[in-house]
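Asker: Sending over protein.txt (compact mmCIF, C-alpha atoms).
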# COMPACT_ATOMS: atom_id res chain seq x y z
CA MET R 1 29.38 150.93 -150.86
CA ALA R 2 31.91 152.98 -152.84
CA LYS R 3 35.06 151.18 -153.90
CA VAL R 4 38.05 151.93 -151.70
CA THR R 5 40.85 153.54 -153.69
CA ARG R 6 44.52 154.11 -153.21
CA ASP R 7 43.72 157.79 -152.57
CA ASP R 8 41.58 156.73 -149.61
CA VAL R 9 44.45 154.71 -148.16
CA ALA R 10 46.88 157.59 -148.64
CA ARG R 11 44.47 160.04 -146.98
CA LEU R 12 43.96 157.83 -143.91
CA ALA R 13 47.67 157.04 -143.58
CA GLY R 14 48.71 160.65 -144.12
CA THR R 15 50.98 159.84 -147.04
CA SER R 16 51.06 160.26 -150.80
CA THR R 17 49.60 157.68 -153.17
CA ALA R 18 53.14 157.03 -154.41
CA VAL R 19 54.17 155.87 -150.92
CA VAL R 20 51.14 153.60 -150.79
CA SER R 21 52.24 152.13 -154.13
CA TYR R 22 55.77 151.56 -152.81
CA VAL R 23 54.38 149.65 -149.83
CA ILE R 24 52.02 147.53 -151.92
CA ASN R 25 54.67 146.70 -154.53
CA ASN R 26 57.65 146.44 -152.16
CA GLY R 27 59.41 149.20 -154.07
CA PRO R 28 60.93 150.54 -156.15
CA ARG R 29 61.74 153.07 -153.39
CA PRO R 30 62.20 152.22 -149.70
CA VAL R 31 59.59 153.29 -147.14
CA ALA R 32 60.36 154.10 -143.50
CA PRO R 33 59.14 151.32 -141.14
CA ALA R 34 56.76 153.63 -139.24
CA THR R 35 55.24 154.91 -142.48
CA ARG R 36 54.90 151.38 -143.82
CA GLU R 37 53.02 150.36 -140.67
CA ARG R 38 50.60 153.30 -141.06
CA VAL R 39 49.92 152.35 -144.67
CA LEU R 40 49.37 148.69 -143.83
CA ALA R 41 47.05 149.65 -140.97
CA ALA R 42 45.04 151.89 -143.31
CA ILE R 43 44.81 149.11 -145.90
CA LYS R 44 43.51 146.72 -143.26
CA GLU R 45 41.03 149.22 -141.79
CA LEU R 46 39.59 150.19 -145.18
CA GLY R 47 39.70 146.68 -146.64
CA TYR R 48 41.59 147.93 -149.67
CA ARG R 49 42.38 145.38 -152.39
CA PRO R 50 44.80 146.41 -155.16
CA ASP R 51 43.49 145.98 -158.71
CA ARG R 52 46.17 143.65 -160.00
CA VAL R 53 44.66 143.49 -163.47
CA ALA R 54 44.80 147.25 -163.86
CA GLN R 55 48.36 147.30 -162.55
CA ALA R 56 49.39 144.62 -165.03
CA MET R 57 47.78 146.46 -167.93
CA ALA R 58 49.53 149.69 -166.98
CA SER R 59 52.97 148.17 -166.46
CA ARG R 60 52.64 145.38 -169.06
CA ARG R 61 53.98 143.06 -166.34
CA THR R 62 52.29 140.98 -163.64
CA ASP R 63 53.47 139.86 -160.21
CA LEU R 64 53.88 136.38 -161.67
CA ILE R 65 56.95 134.35 -162.54
CA GLY R 66 56.48 131.46 -164.94
CA MET R 67 58.40 128.25 -164.29
CA ILE R 68 58.58 125.23 -166.59
CA VAL R 69 59.90 121.91 -165.30
CA PRO R 70 60.10 118.51 -167.01
CA ASP R 71 58.04 116.65 -164.37
CA ALA R 72 57.08 118.05 -160.95
CA ARG R 73 56.17 114.54 -159.81
CA GLN R 74 59.87 113.75 -159.63
CA PRO R 75 61.17 114.77 -156.19
CA PHE R 76 64.09 116.83 -157.49
CA PHE R 77 61.92 119.05 -159.71
CA GLY R 78 59.21 119.29 -157.05
CA GLU R 79 61.73 120.45 -154.46
CA MET R 80 63.30 122.90 -156.90
CA ALA R 81 59.90 124.39 -157.78
CA HIS R 82 59.10 124.77 -154.07
CA ALA R 83 62.42 126.54 -153.47
CA VAL R 84 61.69 128.94 -156.36
CA GLU R 85 58.22 129.61 -154.97
CA GLN R 86 59.67 130.51 -151.57
CA ALA R 87 62.33 132.76 -153.11
CA ALA R 88 59.72 134.48 -155.26
CA ALA R 89 57.45 135.07 -152.27
CA GLU R 90 60.32 136.94 -150.57
CA ARG R 91 60.27 139.30 -153.58
CA GLY R 92 56.49 139.71 -153.53
CA LYS R 93 55.93 137.45 -156.56
CA MET R 94 53.93 134.31 -157.22
CA VAL R 95 54.96 131.37 -159.39
CA LEU R 96 53.01 129.55 -162.10
CA VAL R 97 54.39 126.06 -162.77
CA GLY R 98 53.93 124.04 -165.96
CA ASN R 99 55.16 120.51 -166.71
CA SER R 100 56.71 119.88 -170.10
CA ASP R 101 56.67 116.09 -169.58
CA TYR R 102 60.01 116.02 -171.45
CA ARG R 103 58.16 116.99 -174.64
CA GLY R 104 59.27 119.89 -176.79
CA GLU R 105 55.75 120.83 -177.86
CA ARG R 106 54.59 121.05 -174.23
CA GLU R 107 57.56 123.23 -173.39
CA VAL R 108 56.65 125.62 -176.22
CA HIS R 109 52.99 125.54 -175.14
CA TYR R 110 53.83 126.79 -171.65
CA LEU R 111 56.34 129.31 -172.97
CA ARG R 112 53.62 130.87 -175.12
CA ALA R 113 51.02 130.71 -172.34
CA PHE R 114 53.20 132.25 -169.62
CA LEU R 115 54.78 134.91 -171.82
CA GLY R 116 51.31 135.76 -173.14
CA MET R 117 50.27 136.40 -169.54
CA ARG R 118 53.02 139.03 -169.32
CA VAL R 119 54.82 137.30 -166.48
CA SER R 120 57.62 139.32 -164.87
CA GLY R 121 60.04 136.69 -166.08
CA LEU R 122 60.45 133.02 -166.85
CA ILE R 123 62.52 130.32 -165.14
CA LEU R 124 63.07 127.42 -167.48
CA VAL R 125 64.24 123.96 -166.44
CA ALA R 126 64.74 122.84 -170.01
CA GLN R 127 64.55 119.25 -171.19
CA GLY R 128 67.58 119.63 -173.44
CA PRO R 129 68.41 121.33 -176.73
CA SER R 130 65.11 122.75 -178.00
CA GLU R 131 65.07 124.82 -181.15
CA GLY R 132 61.35 125.46 -180.69
CA ALA R 133 61.85 126.88 -177.20
CA ALA R 134 64.76 129.02 -178.36
CA ALA R 135 62.71 130.48 -181.22
CA GLU R 136 59.77 131.16 -178.91
CA ILE R 137 61.94 132.98 -176.37
CA ASP R 138 63.47 135.14 -179.09
CA ALA R 139 60.01 136.13 -180.32
CA TRP R 140 59.00 137.74 -177.00
CA ASP R 141 60.26 140.66 -174.94
CA ALA R 142 60.93 138.45 -171.93
CA ARG R 143 63.52 137.86 -169.27
CA VAL R 144 64.46 134.18 -169.11
CA VAL R 145 66.75 132.37 -166.68
CA LEU R 146 67.76 128.75 -167.23
CA LEU R 147 67.87 126.69 -164.04
CA HIS R 148 69.62 123.34 -163.52
CA GLU R 149 70.22 122.85 -167.24
CA ARG R 150 71.66 125.13 -169.92
CA PRO R 151 70.93 123.78 -173.42
CA GLU R 152 73.30 125.14 -176.01
CA SER R 153 70.47 126.29 -178.27
CA ILE R 154 69.10 128.76 -175.66
CA ASP R 155 71.58 131.56 -175.02
CA ASP R 156 70.29 133.00 -171.75
CA VAL R 157 71.53 133.49 -168.20
CA ALA R 158 71.84 130.15 -166.38
CA VAL R 159 72.04 128.96 -162.77
CA VAL R 160 73.53 125.48 -162.46
CA THR R 161 75.47 123.22 -160.11
CA ASP R 162 78.85 121.57 -160.71
CA ASP R 163 77.44 118.37 -162.18
CA ILE R 164 80.71 116.96 -163.52
CA GLY R 165 82.61 117.66 -160.31
CA GLY R 166 79.87 116.20 -158.15
CA ALA R 167 79.74 112.98 -160.16
CA GLN R 168 83.52 112.68 -159.88
CA LEU R 169 83.26 113.02 -156.10
CA ALA R 170 80.70 110.21 -155.84
CA THR R 171 82.53 107.86 -158.21
CA ARG R 172 85.91 108.40 -156.53
CA HIS R 173 84.33 107.74 -153.15
CA LEU R 174 82.93 104.40 -154.32
CA LEU R 175 86.30 103.44 -155.80
CA GLU R 176 88.03 104.34 -152.52
CA HIS R 177 86.00 101.56 -150.91
CA GLY R 178 88.11 99.13 -152.94
CA HIS R 179 85.67 98.20 -155.68
CA PRO R 180 87.34 97.06 -158.92
CA TYR R 181 85.05 99.35 -160.91
CA VAL R 182 81.86 101.39 -160.70
CA ALA R 183 79.01 101.00 -163.18
CA CYS R 184 76.88 104.00 -164.14
CA LEU R 185 73.19 104.43 -164.81
CA GLY R 186 72.96 107.34 -167.23
CA GLY R 187 69.94 108.69 -169.04
CA VAL R 188 68.00 107.22 -171.93
CA ALA R 189 70.13 107.22 -175.09
CA THR R 190 72.88 109.15 -173.28
CA THR R 191 74.82 111.27 -175.75
CA PRO R 192 77.20 114.18 -175.16
CA SER R 193 75.14 117.36 -174.82
CA VAL R 194 76.34 120.75 -173.64
CA GLY R 195 74.62 121.75 -170.41
CA ASP R 196 72.68 118.50 -169.89
CA PRO R 197 73.06 117.54 -166.19
CA VAL R 198 72.70 113.80 -166.73
CA ALA R 199 75.26 113.86 -169.56
CA ASP R 200 77.55 115.82 -167.21
CA HIS R 201 77.02 113.22 -164.47
CA VAL R 202 78.06 110.53 -166.91
CA GLU R 203 81.08 112.60 -167.93
CA GLY R 204 82.10 113.01 -164.27
CA TRP R 205 81.81 109.25 -163.73
CA ARG R 206 83.83 108.63 -166.89
CA ARG R 207 86.61 111.00 -165.81
CA ALA R 208 86.87 109.47 -162.34
CA MET R 209 87.03 105.96 -163.77
CA LEU R 210 89.70 106.81 -166.37
CA GLU R 211 91.76 108.82 -163.86
CA SER R 212 91.91 105.71 -161.66
CA GLY R 213 92.96 103.51 -164.56
CA ARG R 214 89.62 101.71 -164.89
CA SER R 215 87.90 100.99 -168.17
CA VAL R 216 84.41 102.34 -168.82
CA GLU R 217 83.74 99.89 -171.65
CA GLY R 218 80.42 98.10 -171.16
CA ARG R 219 79.83 99.75 -167.78
CA LEU R 220 77.45 102.55 -168.77
CA PHE R 221 73.77 101.61 -168.86
CA GLU R 222 70.91 103.63 -170.29
CA ALA R 223 68.15 104.10 -167.73
CA PRO R 224 64.98 106.20 -167.42
CA TYR R 225 65.20 109.00 -164.86
CA ASN R 226 62.32 107.80 -162.66
CA ARG R 227 62.55 105.14 -159.97
CA TYR R 228 59.86 102.86 -161.37
CA GLU R 229 61.46 102.15 -164.73
CA ALA R 230 64.96 102.25 -163.21
CA TYR R 231 63.79 99.54 -160.80
CA THR R 232 62.70 97.33 -163.69
CA LEU R 233 66.02 97.81 -165.47
CA ALA R 234 67.97 97.16 -162.24
CA LEU R 235 66.19 93.83 -161.71
CA GLY R 236 67.71 92.54 -164.96
CA LEU R 237 71.12 94.12 -164.37
CA LEU R 238 71.53 92.87 -160.79
CA ALA R 239 70.17 89.38 -161.52
CA GLY R 240 72.58 88.90 -164.43
CA PRO R 241 75.94 87.15 -164.39
CA GLN R 242 77.90 90.42 -164.62
CA ARG R 243 76.42 92.15 -161.59
CA PRO R 244 78.50 95.26 -160.83
CA PRO R 245 80.07 95.68 -157.38
CA ALA R 246 79.10 99.36 -157.24
CA VAL R 247 76.72 101.64 -159.13
CA PHE R 248 76.68 105.40 -159.51
CA CYS R 249 73.22 106.62 -160.54
CA SER R 250 72.73 109.92 -162.36
CA THR R 251 69.67 110.72 -160.26
CA ASP R 252 68.48 109.77 -156.78
CA ASP R 253 65.25 108.50 -158.29
CA GLN R 254 67.25 105.94 -160.27
CA ALA R 255 69.19 105.01 -157.13
CA ILE R 256 65.98 104.48 -155.17
CA GLY R 257 64.83 102.11 -157.90
CA VAL R 258 68.15 100.22 -157.70
CA LEU R 259 67.86 99.88 -153.90
CA ARG R 260 64.35 98.47 -154.28
CA ALA R 261 65.52 95.94 -156.88
CA ALA R 262 68.46 94.88 -154.68
CA ARG R 263 66.16 94.31 -151.72
CA GLU R 264 63.80 92.23 -153.84
CA LEU R 265 66.72 90.12 -155.11
CA ARG R 266 68.10 89.76 -151.55
CA ILE R 267 71.34 91.52 -152.48
CA ASP R 268 72.92 93.14 -149.45
CA VAL R 269 73.59 96.88 -149.78
CA PRO R 270 76.34 97.88 -149.22
CA GLY R 271 77.87 94.46 -148.48
CA GLU R 272 77.37 93.04 -151.98
CA LEU R 273 76.47 96.21 -153.87
CA ALA R 274 77.45 99.81 -153.17
CA VAL R 275 75.13 102.55 -154.48
CA ALA R 276 75.42 106.32 -154.83
CA GLY R 277 73.09 108.85 -156.42
CA PHE R 278 72.90 112.51 -157.37
CA ASP R 279 70.50 115.27 -156.19
CA ASP R 280 70.07 114.61 -152.43
CA VAL R 281 66.28 114.65 -152.51
CA LYS R 282 64.68 114.45 -149.07
CA GLU R 283 63.86 110.76 -149.50
CA ALA R 284 67.57 109.94 -149.88
CA GLY R 285 67.98 110.02 -146.10
CA LEU R 286 65.02 107.68 -145.57
CA THR R 287 65.95 104.82 -147.92
CA ASP R 288 67.20 101.52 -146.52
CA PRO R 289 70.11 101.90 -146.23
CA PRO R 290 70.28 105.73 -146.38
CA LEU R 291 71.58 106.83 -149.76
CA THR R 292 74.99 108.38 -150.32
CA THR R 293 74.48 111.12 -152.87
CA VAL R 294 75.61 114.46 -154.25
CA SER R 295 73.93 117.62 -153.02
CA SER R 296 73.40 121.00 -154.62
CA ASP R 297 72.30 124.12 -152.76
CA ARG R 298 68.80 124.32 -154.22
CA PRO R 299 67.58 127.20 -152.01
CA ALA R 300 70.58 129.34 -153.01
CA MET R 301 70.17 128.41 -156.67
CA ALA R 302 66.45 129.25 -156.53
CA ARG R 303 67.15 132.64 -154.96
CA ALA R 304 69.78 133.37 -157.60
CA ALA R 305 67.37 132.43 -160.40
CA VAL R 306 64.58 134.61 -158.99
CA ASP R 307 66.94 137.55 -158.42
CA LEU R 308 68.24 137.24 -161.97
CA VAL R 309 64.84 136.94 -163.59
CA LEU R 310 63.64 140.08 -161.77
CA ASP R 311 66.83 142.03 -162.48
CA ASP R 312 66.08 144.80 -164.98
CA GLY R 313 69.68 144.58 -166.15
CA LEU R 314 69.09 141.20 -167.78
CA ARG R 315 69.05 140.98 -171.55
CA VAL R 316 65.73 140.81 -173.35
CA ALA R 317 65.19 138.20 -176.01
CA GLY R 318 66.96 138.94 -179.25
CA ALA R 319 69.85 140.90 -177.66
CA ARG R 320 72.60 138.32 -177.75
CA ARG R 321 75.48 138.52 -175.33
CA ASP R 322 79.15 138.47 -176.14
CA GLY R 323 81.12 135.66 -174.59
CA GLY R 324 78.63 132.82 -175.01
CA TRP R 325 78.33 131.21 -171.58
CA GLY R 326 79.93 134.09 -169.68
CA ARG R 327 76.86 134.58 -167.48
CA VAL R 328 76.50 131.08 -166.08
CA ARG R 329 76.34 131.06 -162.28
CA GLN R 330 77.65 127.72 -161.07
CA PHE R 331 77.14 126.52 -157.51
CA PRO R 332 79.43 123.84 -156.00
CA SER R 333 78.35 120.26 -155.39
CA ALA R 334 78.94 118.40 -152.13
CA LEU R 335 79.16 114.68 -151.38
CA ILE R 336 76.66 113.60 -148.71
CA VAL R 337 78.00 110.37 -147.23
CA ARG R 338 75.46 107.98 -145.76
CA GLN R 339 75.47 104.17 -145.64
CA SER R 340 74.64 102.82 -149.11
CA CYS R 341 78.29 103.30 -150.18
CA GLY R 342 79.70 101.20 -147.34
CA CYS R 343 80.49 103.90 -144.81
CA ALA R 344 79.41 103.28 -141.23
Translate this structure into structure tokens?

Answerer:
Amino acid sequence: MAKVTRDDVARLAGTSTAVVSYVINNGPRPVAPATRERVLAAIKELGYRPDRVAQAMASRRTDLIGMIVPDARQPFFGEMAHAVEQAAAERGKMVLVGNSDYRGEREVHYLRAFLGMRVSGLILVAQGPSEGAAAEIDAWDARVVLLHERPESIDDVAVVTDDIGGAQLATRHLLEHGHPYVACLGGVATTPSVGDPVADHVEGWRRAMLESGRSVEGRLFEAPYNRYEAYTLALGLLAGPQRPPAVFCSTDDQAIGVLRAARELRIDVPGELAVAGFDDVKEAGLTDPPLTTVSSDRPAMARAAVDLVLDDGLRVAGARRDGGWGRVRQFPSALIVRQSCGCA
């Protein structure tokens, strides 16, 4: 049987091959609904399958978006990747996801692999300042959007949430319950870093504490981001003689680990220990007690990142912008009050 071509589809639908292309690629020009239906009916009747490889070779771009996350096993990154996938599907694109495992060499590996595939663009949830990633991005003609984190070394368009403001909201709320102070679980070896969400969460906690006249000395604890290692750390912290009355955790995963440790030690939450987190992952509403946390609009952030990465007006690597961080799109944070803080 002869291979069905785009000309065959156009002939059956009574249109030009250009119109068939517009329907298949969702643009770049609009197609009248009735014409679109005729083209789709012809495609179905003839069993036409577009040659994506040929299209990619001709345009030097595929219908793929590359996305690199630190660890998709963590609920926050898994939910963010899913939101990006849904947003991309609305634009007729598919998403390839790679896990950097918080390792610079893995991040560079996926950058090279995805950009070598001629993806339409790249969404990067960076692990922090990465000179290797920055150099790799500059070496390719690629559109890159930073999501969730904006390391200073990579000067590209970024979509983030108000991490400092959200952490302030959570810390102030815990203090309003009358606790003498709020401890903080930060990241591992927390140091000031421009654009690092966890460092910004710590900064928000610090500001809220100092604004209320509380000292932060000795009340910041380094903790891994995942619940399992945070649980182990919390067992020692909560069983010690200086158990804090309230804890703000930089991630919900950490907070879930703290809640597990408190239950094991028979510490009543929120009666003896108030807990708040950051991220509002789906599991936050199912913990016991339900976790008070800070939410970001992940679907809106994902749509913004996809729209930006597919926007032909974005810079290509090597064409630096004036104004430094002038193209950061920041979404507001919101406090989601549940019961782990002490609210009914």

Asker: Fewer than 2 positions away in the same chain doesn't count, so skip those; otherwise give me all residues within 12 Å of stretch 257-259 of chain R, counting only C-alpha atoms, as a PyMOL selection string.

Answerer: chain R and resi 184-185+223-239+244+246-255+261-270+272-277+284+286-292+340-341

Asker: My list of candidates is R:Ala305, R:Ala170, R:Ile164, R:Val125. Which is closest to R:His148 when distances are computed with only C-alpha atoms?

Answerer: R:Val125

Asker: Between R:Gly165, R:Pro28, R:Gly121, R:Gly240, which is the closest to R:Gln330 once you count only C-alpha atoms?

Answerer: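 Once distances to R:Gln330 are computed over only C-alpha atoms, the minimum belongs to R:Gly165.
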
Asker: What is the distance, in Å and to one decimal place, between atom CA of R:Leu96 and atom CA of R:Gly116?

Answerer: 12.8 Å

Asker: For R:Ser296, which residue out of R:Phe76, R:Tyr22, R:Tyr181, R:Phe114 is the nearest one, using only C-alpha atoms?

Answerer: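 Among the listed residues, the smallest separation from R:Ser296 belongs to R:Phe76.
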
Asker: Do you know which residues are at most 12 Å from R:Val216 counting all atoms listed in the file, after dropping those on the same chain fewer than 6 positions away, and could you put them as number ranges by chain?

Answerer: R: 180-184, 202-210

Asker: Would you compute the distance between atom CA of R:Asp196 and atom CA of R:Met80? Give it in Å to one decimal.

Answerer: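 A separation of 16.6 Å between them.
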
Asker: Name the residues in contact with R:Arg298 at a cut-off of 12 Å, using only C-alpha atoms, excluding same-chain residues fewer than 6 positions from it; report them as JSON, numbers by chain.

Answerer: {"R": [76, 77, 78, 79, 80, 81, 82, 83, 84, 85, 86, 87, 147, 148, 159, 160, 161, 279, 280, 281, 282, 304, 305, 330, 331, 332, 333, 334]}

Asker: State, in Å with one decimal place, the distance from atom CA of R:Val97 to atom CA of R:Met67.

Answerer: 4.8 Å

Asker: Would you mind telling me which residue in R:Arg303, R:Arg338, R:Arg112, R:His177 lies nearest to R:Arg91 when using all atoms listed in the file?

Answerer: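 With all atoms listed in the file as the atom set, the closest residue is R:Arg303.
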
Asker: Give me the residues within 8 Å of R:Thr35 as a PyMOL selection string, counting all atoms listed in the file and dropping any in the same chain fewer than 4 places off.

Answerer: chain R and resi 13+15+31+39

Asker: So which residues touch R:Asp71 within 9 Å, counting all atoms listed in the file, skipping near sequence neighbours fewer than 6 positions away, as a list in words?

Answerer: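 These residues fall inside the cut-off: Phe77, Gly78, Gly98, Asn99, Ser100, Asp101 and Tyr102 of chain R.
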
Asker: Can you work out which one of R:Leu12, R:Ala300, R:Met94, R:Val4 has the shortest atom-to-atom distance to R:Arg329, counting all atoms listed in the file?

Answerer: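 For R:Arg329, the nearest of the candidates is R:Ala300.
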
Asker: Considering all atoms listed in the file, state which residue in the set R:Ser21, R:Ser16, R:Asn26, R:Gln74 is at the smallest distance from R:Glu90.

Answerer: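 The shortest atom-to-atom distance to R:Glu90 comes from R:Asn26.
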